[in-house]
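Structure below is upload.txt: compact mmCIF, C-alpha atoms.
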# COMPACT_ATOMS: atom_id res chain seq x y z
CA MET A 12 -86.20 41.70 57.95
CA ALA A 13 -82.54 41.63 58.78
CA THR A 14 -80.36 40.02 56.20
CA GLN A 15 -78.96 36.80 57.50
CA ARG A 16 -75.26 36.48 56.81
CA VAL A 17 -73.51 33.26 56.13
CA PRO A 18 -70.64 32.91 58.57
CA VAL A 19 -67.33 32.93 56.75
CA ILE A 20 -64.30 31.49 58.41
CA GLU A 21 -61.28 33.26 57.00
CA LYS A 22 -58.73 30.57 57.63
CA ILE A 23 -59.48 27.06 58.68
CA MET A 24 -56.57 25.48 60.44
CA ASP A 25 -56.11 21.86 59.60
CA ALA A 26 -56.40 19.28 62.36
CA ASN A 27 -52.66 19.07 62.91
CA ASP A 28 -52.28 22.84 63.28
CA GLN A 29 -55.16 22.94 65.77
CA VAL A 30 -53.51 20.34 67.98
CA ALA A 31 -50.15 22.09 67.53
CA SER A 32 -51.76 25.29 68.78
CA MET A 33 -53.04 23.45 71.88
CA ASN A 34 -49.58 21.99 72.47
CA LYS A 35 -48.03 25.46 72.38
CA LYS A 36 -50.60 26.77 74.84
CA LYS A 37 -49.83 23.92 77.21
CA LEU A 38 -46.08 24.54 76.93
CA ASP A 39 -46.55 28.26 77.55
CA GLU A 40 -48.64 27.58 80.63
CA SER A 41 -45.79 25.47 81.98
CA ASN A 42 -43.16 28.10 81.09
CA ILE A 43 -41.37 25.67 78.80
CA PHE A 44 -39.34 26.72 75.77
CA ALA A 45 -39.72 24.00 73.14
CA ILE A 46 -37.53 23.11 70.18
CA ASN A 47 -38.46 20.96 67.17
CA LEU A 48 -35.08 19.50 66.18
CA MET A 49 -34.91 18.15 62.64
CA ALA A 50 -32.11 16.65 60.51
CA SER A 51 -31.18 13.82 58.18
CA PRO A 52 -30.26 10.50 59.72
CA GLY A 53 -26.93 10.73 61.49
CA ALA A 54 -26.52 14.52 61.36
CA GLY A 55 -26.05 14.59 65.14
CA LYS A 56 -29.46 15.24 66.70
CA THR A 57 -28.92 13.03 69.74
CA SER A 58 -25.32 14.17 70.15
CA LEU A 59 -26.44 17.81 70.18
CA ILE A 60 -29.18 17.05 72.72
CA LEU A 61 -26.69 15.35 75.03
CA ARG A 62 -24.18 18.23 74.67
CA THR A 63 -26.97 20.73 75.38
CA ILE A 64 -28.13 18.87 78.48
CA ARG A 65 -24.58 18.62 79.84
CA THR A 66 -23.94 22.33 79.30
CA LEU A 67 -27.23 23.67 80.66
CA SER A 68 -27.77 21.35 83.64
CA PRO A 69 -28.16 21.62 86.54
CA ASP A 70 -29.36 25.25 86.02
CA LEU A 71 -32.00 24.15 83.55
CA ARG A 72 -34.03 20.95 83.46
CA VAL A 73 -34.35 19.49 79.96
CA GLY A 74 -37.10 17.11 78.82
CA VAL A 75 -36.74 15.18 75.58
CA ILE A 76 -39.20 13.55 73.20
CA GLU A 77 -37.50 11.08 70.88
CA GLY A 78 -39.14 10.26 67.56
CA ASP A 79 -38.10 7.09 65.76
CA THR A 80 -39.65 5.03 63.00
CA ALA A 81 -38.67 1.78 64.70
CA PRO A 82 -39.38 0.64 68.27
CA VAL A 83 -35.85 1.23 69.51
CA THR A 84 -34.96 3.26 72.58
CA ILE A 85 -31.26 3.79 71.80
CA ASP A 86 -31.58 7.59 71.88
CA ALA A 87 -34.09 7.89 74.73
CA ASP A 88 -31.89 5.65 76.88
CA LYS A 89 -28.98 8.06 76.43
CA VAL A 90 -31.13 10.96 77.68
CA LEU A 91 -32.31 8.96 80.70
CA ALA A 92 -28.68 8.18 81.47
CA GLU A 93 -28.15 11.95 81.82
CA GLY A 94 -30.83 12.02 84.51
CA MET A 95 -33.37 13.85 82.36
CA PRO A 96 -36.93 12.73 81.54
CA ALA A 97 -37.46 11.27 78.07
CA VAL A 98 -40.40 9.89 76.15
CA GLN A 99 -39.99 7.68 73.10
CA ILE A 100 -42.44 7.93 70.19
CA ASN A 101 -42.46 5.04 67.74
CA THR A 102 -44.07 6.37 64.57
CA GLY A 103 -44.57 2.86 63.19
CA GLY A 104 -42.82 3.62 59.93
CA GLU A 105 -44.17 7.16 59.49
CA CYS A 106 -41.50 9.58 58.29
CA HIS A 107 -42.31 12.45 60.67
CA LEU A 108 -43.79 13.38 64.04
CA ASP A 109 -47.13 15.19 64.18
CA ALA A 110 -48.90 17.35 66.74
CA VAL A 111 -51.11 14.53 68.03
CA MET A 112 -48.09 12.36 68.82
CA ILE A 113 -46.58 15.29 70.72
CA SER A 114 -49.83 15.95 72.57
CA ASN A 115 -49.78 12.35 73.80
CA ALA A 116 -46.11 12.52 74.71
CA LEU A 117 -46.59 15.73 76.74
CA GLU A 118 -48.97 13.75 78.99
CA GLN A 119 -46.04 11.52 79.90
CA LEU A 120 -43.61 14.29 80.86
CA PRO A 121 -43.31 16.10 84.22
CA LEU A 122 -44.00 19.50 82.64
CA ASP A 123 -43.84 21.40 85.92
CA SER A 124 -40.20 20.48 86.42
CA ILE A 125 -38.96 21.16 82.88
CA ASP A 126 -37.54 24.44 81.54
CA LEU A 127 -36.60 23.30 78.08
CA LEU A 128 -38.19 20.65 75.85
CA ILE A 129 -36.28 19.27 72.89
CA ILE A 130 -38.22 17.16 70.41
CA GLU A 131 -35.99 15.00 68.25
CA ASN A 132 -37.93 14.53 65.04
CA VAL A 133 -37.55 11.53 62.72
CA GLY A 134 -34.35 11.62 60.67
CA ASN A 135 -35.63 13.07 57.41
CA LEU A 136 -35.38 16.35 55.47
CA ILE A 137 -38.73 16.14 53.71
CA CYS A 138 -41.76 14.99 55.70
CA PRO A 139 -41.11 16.82 59.03
CA ALA A 140 -41.17 20.17 57.19
CA ALA A 141 -44.92 19.87 56.62
CA PHE A 142 -46.02 19.29 60.22
CA GLN A 143 -45.96 21.92 62.95
CA LEU A 144 -45.69 20.39 66.42
CA GLY A 145 -46.50 23.39 68.61
CA THR A 146 -42.90 24.17 69.51
CA HIS A 147 -41.54 27.71 69.68
CA VAL A 148 -38.80 27.17 67.12
CA ASN A 149 -37.95 24.87 64.25
CA VAL A 150 -34.26 24.00 64.29
CA LEU A 151 -32.41 22.05 61.60
CA ILE A 152 -29.01 20.41 61.94
CA ALA A 153 -27.13 20.38 58.65
CA SER A 154 -24.06 18.20 58.73
CA VAL A 155 -20.85 19.00 56.87
CA PRO A 156 -20.41 15.45 55.43
CA GLU A 157 -23.88 15.71 53.83
CA GLY A 158 -22.47 18.23 51.38
CA ASP A 159 -22.93 21.90 50.60
CA ASP A 160 -25.81 21.51 48.12
CA LYS A 161 -28.57 20.49 50.55
CA PRO A 162 -30.28 23.93 50.85
CA TYR A 163 -30.74 23.87 47.08
CA LYS A 164 -32.38 20.43 47.19
CA TYR A 165 -34.48 20.49 50.38
CA THR A 166 -35.96 23.93 50.03
CA ASN A 167 -39.15 23.44 52.04
CA ILE A 168 -37.43 22.55 55.29
CA TYR A 169 -34.97 25.46 55.03
CA ARG A 170 -37.78 27.95 54.37
CA GLY A 171 -39.54 27.05 57.62
CA LEU A 172 -36.54 27.30 59.95
CA ASP A 173 -35.95 29.63 62.88
CA VAL A 174 -32.42 28.40 63.57
CA LEU A 175 -29.83 26.46 61.57
CA ILE A 176 -27.03 24.44 63.10
CA ILE A 177 -24.06 23.39 60.96
CA ASN A 178 -22.64 20.35 62.75
CA LYS A 179 -19.39 18.38 62.30
CA ILE A 180 -17.30 21.42 61.38
CA ASP A 181 -14.33 19.44 62.75
CA LEU A 182 -14.55 17.39 59.52
CA LEU A 183 -14.20 20.44 57.23
CA PRO A 184 -10.47 19.79 56.61
CA TYR A 185 -11.23 16.30 55.28
CA ILE A 186 -14.26 17.08 53.10
CA SER A 187 -14.95 19.18 50.04
CA PHE A 188 -17.57 21.56 51.48
CA ASN A 189 -17.90 25.12 50.16
CA MET A 190 -19.27 27.10 53.12
CA ASP A 191 -19.99 30.18 50.98
CA TYR A 192 -22.03 28.16 48.48
CA PHE A 193 -23.93 26.49 51.32
CA ARG A 194 -24.67 29.79 53.08
CA GLN A 195 -25.75 31.47 49.83
CA GLY A 196 -28.32 28.72 49.32
CA VAL A 197 -29.65 29.22 52.85
CA GLU A 198 -29.76 33.00 52.47
CA LEU A 199 -31.86 32.72 49.30
CA LEU A 200 -34.52 30.69 51.12
CA ASN A 201 -34.37 32.20 54.58
CA PRO A 202 -32.61 35.57 54.74
CA GLY A 203 -30.83 36.40 57.99
CA LEU A 204 -31.42 32.94 59.49
CA ILE A 205 -29.73 32.53 62.90
CA THR A 206 -26.92 30.02 62.34
CA PHE A 207 -24.59 28.18 64.72
CA PRO A 208 -21.62 26.33 63.21
CA LEU A 209 -20.41 23.78 65.77
CA SER A 210 -18.96 20.35 66.46
CA CYS A 211 -20.52 17.97 68.93
CA THR A 212 -17.27 15.98 68.83
CA THR A 213 -14.81 18.77 69.74
CA GLY A 214 -17.31 21.05 71.51
CA GLU A 215 -16.44 24.04 69.32
CA GLY A 216 -19.43 26.37 68.99
CA ILE A 217 -21.51 24.59 71.65
CA ALA A 218 -21.19 27.56 74.04
CA GLU A 219 -22.74 29.96 71.51
CA TRP A 220 -25.66 27.62 70.79
CA THR A 221 -26.40 26.88 74.43
CA ALA A 222 -26.11 30.58 75.36
CA TRP A 223 -28.80 31.30 72.77
CA VAL A 224 -31.01 28.50 74.12
CA ARG A 225 -30.54 29.78 77.69
CA SER A 226 -31.50 33.31 76.61
CA GLN A 227 -34.69 32.01 75.00
CA VAL A 228 -35.64 30.05 78.13
CA GLU A 229 -35.02 33.09 80.34
CA LYS A 230 -36.85 35.47 77.99
CA ARG A 231 -39.91 33.26 78.11
CA LYS A 232 -39.81 32.98 81.90
CA SER A 233 -39.52 36.75 82.37
CA GLN A 234 -42.40 37.37 79.93
CA ASN A 235 -44.66 35.01 81.84
CA ALA A 236 -43.53 36.14 85.32
CA MET B 9 -74.45 -29.82 36.47
CA ALA B 10 -70.82 -28.79 36.84
CA THR B 11 -70.06 -26.87 39.97
CA GLN B 12 -69.14 -23.34 39.08
CA ARG B 13 -66.07 -22.16 40.94
CA VAL B 14 -65.52 -18.65 42.07
CA PRO B 15 -62.14 -17.46 40.78
CA VAL B 16 -59.80 -16.79 43.67
CA ILE B 17 -56.82 -14.55 43.12
CA GLU B 18 -54.14 -15.64 45.53
CA LYS B 19 -52.24 -12.42 45.73
CA ILE B 20 -53.38 -9.10 44.39
CA MET B 21 -50.48 -6.85 43.59
CA ASP B 22 -51.11 -3.25 44.43
CA ALA B 23 -51.05 -0.69 41.63
CA ASN B 24 -47.44 0.30 42.29
CA ASP B 25 -46.23 -3.31 42.18
CA GLN B 26 -48.11 -3.90 38.92
CA VAL B 27 -46.41 -0.95 37.25
CA ALA B 28 -43.07 -2.02 38.77
CA SER B 29 -43.53 -5.42 37.18
CA MET B 30 -44.14 -3.80 33.79
CA ASN B 31 -41.03 -1.65 34.24
CA LYS B 32 -38.92 -4.73 34.93
CA LYS B 33 -40.29 -6.47 31.83
CA LYS B 34 -39.40 -3.45 29.71
CA LEU B 35 -35.89 -3.32 31.17
CA ASP B 36 -35.38 -7.03 30.56
CA GLU B 37 -36.52 -6.69 26.97
CA SER B 38 -33.86 -4.02 26.49
CA ASN B 39 -31.16 -6.10 28.26
CA ILE B 40 -30.70 -3.43 30.90
CA PHE B 41 -29.55 -4.15 34.44
CA ALA B 42 -31.26 -1.64 36.74
CA ILE B 43 -30.31 -0.44 40.21
CA ASN B 44 -32.55 1.40 42.70
CA LEU B 45 -29.99 3.47 44.64
CA MET B 46 -31.20 4.72 48.02
CA ALA B 47 -29.55 6.67 50.87
CA SER B 48 -29.97 9.55 53.29
CA PRO B 49 -29.28 13.04 51.98
CA GLY B 50 -25.59 13.50 51.34
CA ALA B 51 -24.51 9.87 51.71
CA GLY B 52 -22.90 10.03 48.28
CA LYS B 53 -25.44 8.76 45.74
CA THR B 54 -24.43 11.13 42.95
CA SER B 55 -20.73 10.72 43.73
CA LEU B 56 -21.05 6.94 43.46
CA ILE B 57 -22.97 7.24 40.19
CA LEU B 58 -20.25 9.46 38.69
CA ARG B 59 -17.48 7.10 39.93
CA THR B 60 -19.36 4.13 38.46
CA ILE B 61 -19.84 5.84 35.09
CA ARG B 62 -16.16 6.83 34.90
CA THR B 63 -15.01 3.30 35.72
CA LEU B 64 -17.37 1.38 33.46
CA SER B 65 -17.39 3.64 30.39
CA PRO B 66 -16.80 3.37 27.50
CA ASP B 67 -17.36 -0.43 27.76
CA LEU B 68 -20.82 0.06 29.24
CA ARG B 69 -23.38 2.78 28.60
CA VAL B 70 -25.04 4.03 31.76
CA GLY B 71 -28.42 5.79 31.94
CA VAL B 72 -29.45 7.66 35.06
CA ILE B 73 -32.81 8.70 36.50
CA GLU B 74 -32.43 11.39 39.16
CA GLY B 75 -35.15 11.76 41.78
CA ASP B 76 -35.37 15.02 43.72
CA THR B 77 -38.08 16.66 45.77
CA ALA B 78 -37.29 20.08 44.34
CA PRO B 79 -37.06 21.17 40.70
CA VAL B 80 -33.25 21.31 40.63
CA THR B 81 -31.09 19.59 38.04
CA ILE B 82 -27.78 19.77 39.95
CA ASP B 83 -27.31 15.99 39.91
CA ALA B 84 -28.71 15.31 36.43
CA ASP B 85 -26.42 18.01 35.00
CA LYS B 86 -23.39 16.19 36.42
CA VAL B 87 -24.43 12.98 34.65
CA LEU B 88 -24.99 14.79 31.36
CA ALA B 89 -21.52 16.30 31.74
CA GLU B 90 -20.18 12.72 31.69
CA GLY B 91 -21.83 12.20 28.31
CA MET B 92 -24.49 9.84 29.61
CA PRO B 93 -28.27 10.20 29.26
CA ALA B 94 -30.12 11.42 32.35
CA VAL B 95 -33.73 12.14 33.22
CA GLN B 96 -34.74 14.30 36.16
CA ILE B 97 -37.87 13.49 38.17
CA ASN B 98 -39.21 16.24 40.39
CA THR B 99 -41.45 14.54 42.95
CA GLY B 100 -43.00 17.85 44.00
CA GLY B 101 -42.25 17.31 47.66
CA GLU B 102 -42.95 13.56 47.76
CA CYS B 103 -40.37 11.68 49.81
CA HIS B 104 -39.80 8.79 47.39
CA LEU B 105 -39.97 7.68 43.79
CA ASP B 106 -42.66 5.25 42.67
CA ALA B 107 -43.09 2.86 39.76
CA VAL B 108 -45.31 5.22 37.74
CA MET B 109 -42.69 7.97 37.86
CA ILE B 110 -40.11 5.45 36.62
CA SER B 111 -42.43 4.23 33.87
CA ASN B 112 -42.72 7.80 32.59
CA ALA B 113 -38.97 8.39 32.89
CA LEU B 114 -38.17 5.21 30.92
CA GLU B 115 -40.06 6.74 27.97
CA GLN B 116 -37.50 9.54 27.93
CA LEU B 117 -34.39 7.34 27.88
CA PRO B 118 -32.71 5.73 24.83
CA LEU B 119 -33.18 2.21 26.24
CA ASP B 120 -31.64 0.47 23.22
CA SER B 121 -28.27 2.12 23.84
CA ILE B 122 -28.08 1.59 27.63
CA ASP B 123 -26.54 -1.39 29.45
CA LEU B 124 -26.96 -0.19 33.00
CA LEU B 125 -29.66 2.02 34.52
CA ILE B 126 -29.07 3.66 37.89
CA ILE B 127 -32.06 5.28 39.56
CA GLU B 128 -31.08 7.77 42.25
CA ASN B 129 -33.98 7.73 44.69
CA VAL B 130 -34.94 10.69 46.90
CA GLY B 131 -32.56 11.15 49.85
CA ASN B 132 -34.50 9.39 52.60
CA LEU B 133 -34.20 6.16 54.62
CA ILE B 134 -37.92 5.67 55.25
CA CYS B 135 -40.35 6.26 52.37
CA PRO B 136 -38.35 4.70 49.48
CA ALA B 137 -38.32 1.34 51.32
CA ALA B 138 -42.04 0.88 50.69
CA PHE B 139 -42.08 1.34 46.89
CA GLN B 140 -40.63 -1.14 44.41
CA LEU B 141 -39.60 0.50 41.15
CA GLY B 142 -39.08 -2.51 38.92
CA THR B 143 -35.29 -2.55 39.20
CA HIS B 144 -33.29 -5.76 39.57
CA VAL B 145 -31.65 -4.77 42.85
CA ASN B 146 -32.21 -2.41 45.76
CA VAL B 147 -28.93 -0.85 46.85
CA LEU B 148 -28.42 1.35 49.91
CA ILE B 149 -25.48 3.63 50.59
CA ALA B 150 -24.76 3.93 54.29
CA SER B 151 -22.31 6.69 55.09
CA VAL B 152 -19.74 6.47 57.88
CA PRO B 153 -20.48 9.98 59.27
CA GLU B 154 -24.15 9.01 59.74
CA GLY B 155 -23.12 6.73 62.57
CA ASP B 156 -23.05 3.02 63.29
CA ASP B 157 -26.59 2.75 64.72
CA LYS B 158 -28.59 3.30 61.53
CA PRO B 159 -29.41 -0.40 60.84
CA TYR B 160 -31.03 -0.54 64.28
CA LYS B 161 -33.20 2.52 63.53
CA TYR B 162 -34.15 2.15 59.87
CA THR B 163 -34.94 -1.55 59.85
CA ASN B 164 -37.39 -1.63 56.92
CA ILE B 165 -34.96 -0.32 54.35
CA TYR B 166 -32.18 -2.70 55.48
CA ARG B 167 -34.50 -5.71 55.29
CA GLY B 168 -35.33 -5.06 51.62
CA LEU B 169 -31.75 -4.66 50.36
CA ASP B 170 -29.83 -6.74 47.84
CA VAL B 171 -26.58 -4.83 48.23
CA LEU B 172 -25.17 -2.47 50.87
CA ILE B 173 -22.48 0.11 50.21
CA ILE B 174 -20.60 1.66 53.14
CA ASN B 175 -19.31 4.98 51.79
CA LYS B 176 -16.82 7.54 53.15
CA ILE B 177 -14.55 4.94 54.77
CA ASP B 178 -11.76 7.52 54.33
CA LEU B 179 -13.38 9.37 57.27
CA LEU B 180 -13.15 6.38 59.65
CA PRO B 181 -10.00 7.73 61.38
CA TYR B 182 -11.82 10.95 62.31
CA ILE B 183 -15.16 9.53 63.45
CA SER B 184 -16.33 7.22 66.20
CA PHE B 185 -17.85 4.43 64.10
CA ASN B 186 -17.88 0.84 65.36
CA MET B 187 -17.86 -1.29 62.20
CA ASP B 188 -18.57 -4.51 64.11
CA TYR B 189 -21.66 -3.00 65.78
CA PHE B 190 -22.87 -1.65 62.44
CA ARG B 191 -22.36 -4.98 60.64
CA GLN B 192 -24.04 -6.93 63.45
CA GLY B 193 -27.13 -4.75 63.05
CA VAL B 194 -27.18 -5.39 59.31
CA GLU B 195 -26.64 -9.14 59.76
CA LEU B 196 -29.64 -9.37 62.10
CA LEU B 197 -31.94 -7.85 59.49
CA ASN B 198 -30.44 -9.19 56.29
CA PRO B 199 -28.08 -12.14 56.81
CA GLY B 200 -25.26 -12.50 54.31
CA LEU B 201 -26.01 -9.21 52.58
CA ILE B 202 -23.46 -8.37 49.84
CA THR B 203 -21.52 -5.36 51.17
CA PHE B 204 -18.99 -3.02 49.56
CA PRO B 205 -17.04 -0.67 51.86
CA LEU B 206 -15.63 2.14 49.72
CA SER B 207 -14.75 5.80 49.40
CA CYS B 208 -15.92 7.94 46.49
CA THR B 209 -13.30 10.50 47.54
CA THR B 210 -10.18 8.29 47.51
CA GLY B 211 -11.52 5.62 45.16
CA GLU B 212 -10.79 2.78 47.59
CA GLY B 213 -13.24 -0.10 47.07
CA ILE B 214 -14.69 1.33 43.83
CA ALA B 215 -13.06 -1.44 41.74
CA GLU B 216 -14.80 -4.18 43.76
CA TRP B 217 -18.20 -2.48 43.45
CA THR B 218 -17.92 -1.78 39.73
CA ALA B 219 -16.63 -5.33 39.07
CA TRP B 220 -19.79 -6.64 40.71
CA VAL B 221 -21.98 -4.30 38.66
CA ARG B 222 -20.19 -5.34 35.47
CA SER B 223 -20.70 -9.03 36.30
CA GLN B 224 -24.43 -8.43 36.79
CA VAL B 225 -24.74 -6.61 33.46
CA GLU B 226 -22.86 -9.39 31.65
CA LYS B 227 -24.82 -12.17 33.37
CA ARG B 228 -28.08 -10.58 32.22
CA LYS B 229 -26.85 -10.19 28.65
CA SER B 230 -25.70 -13.80 28.42
CA GLN B 231 -29.01 -15.06 29.86
CA ASN B 232 -30.97 -13.13 27.26
CA ALA B 233 -28.61 -13.89 24.34
Rewrite the structure of this file - the entire thing - as structure tokens.
Amino acid sequence: MATQRVPVIEKIMDANDQVASMNKKKLDESNIFAINLMASPGAGKTSLILRTIRTLSPDLRVGVIEGDTAPVTIDADKVLAEGMPAVQINTGGECHLDAVMISNALEQLPLDSIDLLIIENVGNLICPAAFQLGTHVNVLIASVPEGDDKPYKYTNIYRGLDVLIINKIDLLPYISFNMDYFRQGVELLNPGLITFPLSCTTGEGIAEWTAWVRSQVEKRKSQNA
Amino acid sequence: MATQRVPVIEKIMDANDQVASMNKKKLDESNIFAINLMASPGAGKTSLILRTIRTLSPDLRVGVIEGDTAPVTIDADKVLAEGMPAVQINTGGECHLDAVMISNALEQLPLDSIDLLIIENVGNLICPAAFQLGTHVNVLIASVPEGDDKPYKYTNIYRGLDVLIINKIDLLPYISFNMDYFRQGVELLNPGLITFPLSCTTGEGIAEWTAWVRSQVEKRKSQNA
């Protein structure tokens, strides 16, 4: 008699990760490069999205999913005003987006006519770190006025990053911000992290960031061609 | 035969509110005025605490409870350096403090020698709004670089406030921040809210804020005398 073996599943993905995996598959099938953009409130998420759209269009079409805890469409309206498709998610007080919300939002976007998807997560440095959305990269905007000690305090979110943006560098002359101390904290958690210092107000550094985004979009298209 | 009546409890406090109520009783018994200080990351909570300590000491003794998601004592160390008692709470990734954490922290503070307790909540505009701690007032620091649209996006936290501080007003010349638009948003949610515009960097407005704090401490002492 053959010994019957109990099936062992090595790693059980939780429900969110399963849906995130389906989201990524859907994005890949549509040749879309997708960014999960995280930050504290007021670090410049919407400003960066608008700068990115203005720099990359009309070559690239950019879709945006806006996450907010309140039913306001302030940010989504700004994206629509740029002529790009946007979907607003109201989390109803929840402090982060999750993969199911994104799955629903993807249904509302014209995926066939989008090259780049930017998901603006809820303004928060804690909760979003724990929920994968199915994007290709996790990007955080740190903002100079927030201070140079944030990597030491919000370790989880820094550990999970693929790209770091340091926004509002135009305010460096007016603020006590030790860039070396900040970067040392980041390096401890996430060695060699790709970093773009920039200012959405002056435009400094935007070219480097958008060139990187463009290269990622093109790399993905050539891989899938 | 007398009709037996089923006891009806009009309002059942949840567990957190029950512990918060006990915390407030304990604070009142010790003649301590307590502040729940909330803000996004980097809005200036610790800076305001240090400014407040330096202005009010040695007349008043200030105790501080520092909430952080990571096990770092950066902020608590700064308070200790001012010669004031501080307790650090590591929430282990949780995005807010709750009344039980405060109850435990109160055990570690010399309550008989404190006039004012400032609780620095976790840097977050969403989760802390839902948890009363047992303090006498909820205070939020809004920061000019965060932008003028925050009251429209983080409505819950603005609704529950007793006092609003607008920090980093020294940066107003360098930032597009419409004070009228900001204040209109606040007024819609919380009419007549006590507001202190100030700068922890230049010190402007600190005297008005600390005078208000002092008046609250003295009012409480005279009531309980």
What are the closest atom pairs, with distances in Å to one decimal, for each residue of chain A lying within 6 Å of chain B, using only C-alpha atoms, rows by chain and rising residue number, as JSON lines?
{"residue": "A:Gly53", "atom": "CA", "partner": "B:Glu154", "partner_atom": "CA", "distance": 3.7}
{"residue": "A:Ala81", "atom": "CA", "partner": "B:Lys161", "partner_atom": "CA", "distance": 5.6}
{"residue": "A:Glu157", "atom": "CA", "partner": "B:Gly50", "partner_atom": "CA", "distance": 3.7}
{"residue": "A:Gly158", "atom": "CA", "partner": "B:Gly50", "partner_atom": "CA", "distance": 5.7}
{"residue": "A:Lys164", "atom": "CA", "partner": "B:Ala78", "partner_atom": "CA", "distance": 5.7}
Write out, as a compact mmCIF listing (two decimals), in the frame of the given file, the residues just selected, with C-alpha atoms.
# COMPACT_ATOMS: atom_id res chain seq x y z
CA GLY A 53 -26.93 10.73 61.49
CA ALA A 81 -38.67 1.78 64.70
CA GLU A 157 -23.88 15.71 53.83
CA GLY A 158 -22.47 18.23 51.38
CA LYS A 164 -32.38 20.43 47.19
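Between atom CA of B:Lys32 and atom CA of B:Val108 there is a distance of 12.2 Å.
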>> Calculated over only C-alpha atoms, which of the candidates B:Pro159, B:Gly213, B:Gly100, B:Gly168 has the smallest distance to B:Glu195?
In response: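 Of B:Pro159, B:Gly213, B:Gly100, B:Gly168, the one nearest B:Glu195, counting only C-alpha atoms, is B:Pro159.
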> Any idea what's packed within 8 Å of B:Leu117, counting only C-alpha atoms, ignoring anything in its chain fewer than 5 positions away? Could you give it as a PyMOL selection string?
Replying inline: chain B and resi 71+93-95
>> Report as number ranges by chain all protein, DNA and RNA residues lying within 12 Å of B:Arg59, evaluated on only C-alpha atoms, omitting residues in the same chain fewer than 3 positions from it.
In response: B: 52-56, 62-65, 70, 86-87, 90, 206-215, 217-218
> Residues at most 8 Å from B:Val147, counting all atoms listed in the file, excluding those fewer than 3 positions away in the same chain, as a PyMOL selection string?
Replying inline: chain B and resi 43-46+169-173
> Could you work out how far atom CA of B:Gly75 lies from atom CA of B:Glu128, giving the answer in Å with one decimal?
Replying inline: 5.7 Å
>> Just to confirm, what's the straight-line distance from atom CA of B:Asn232 to atom CA of B:Met30 in Å (one decimal)?
In response: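 Spanning atom CA of B:Asn232 to atom CA of B:Met30 is a straight-line distance of 17.4 Å.
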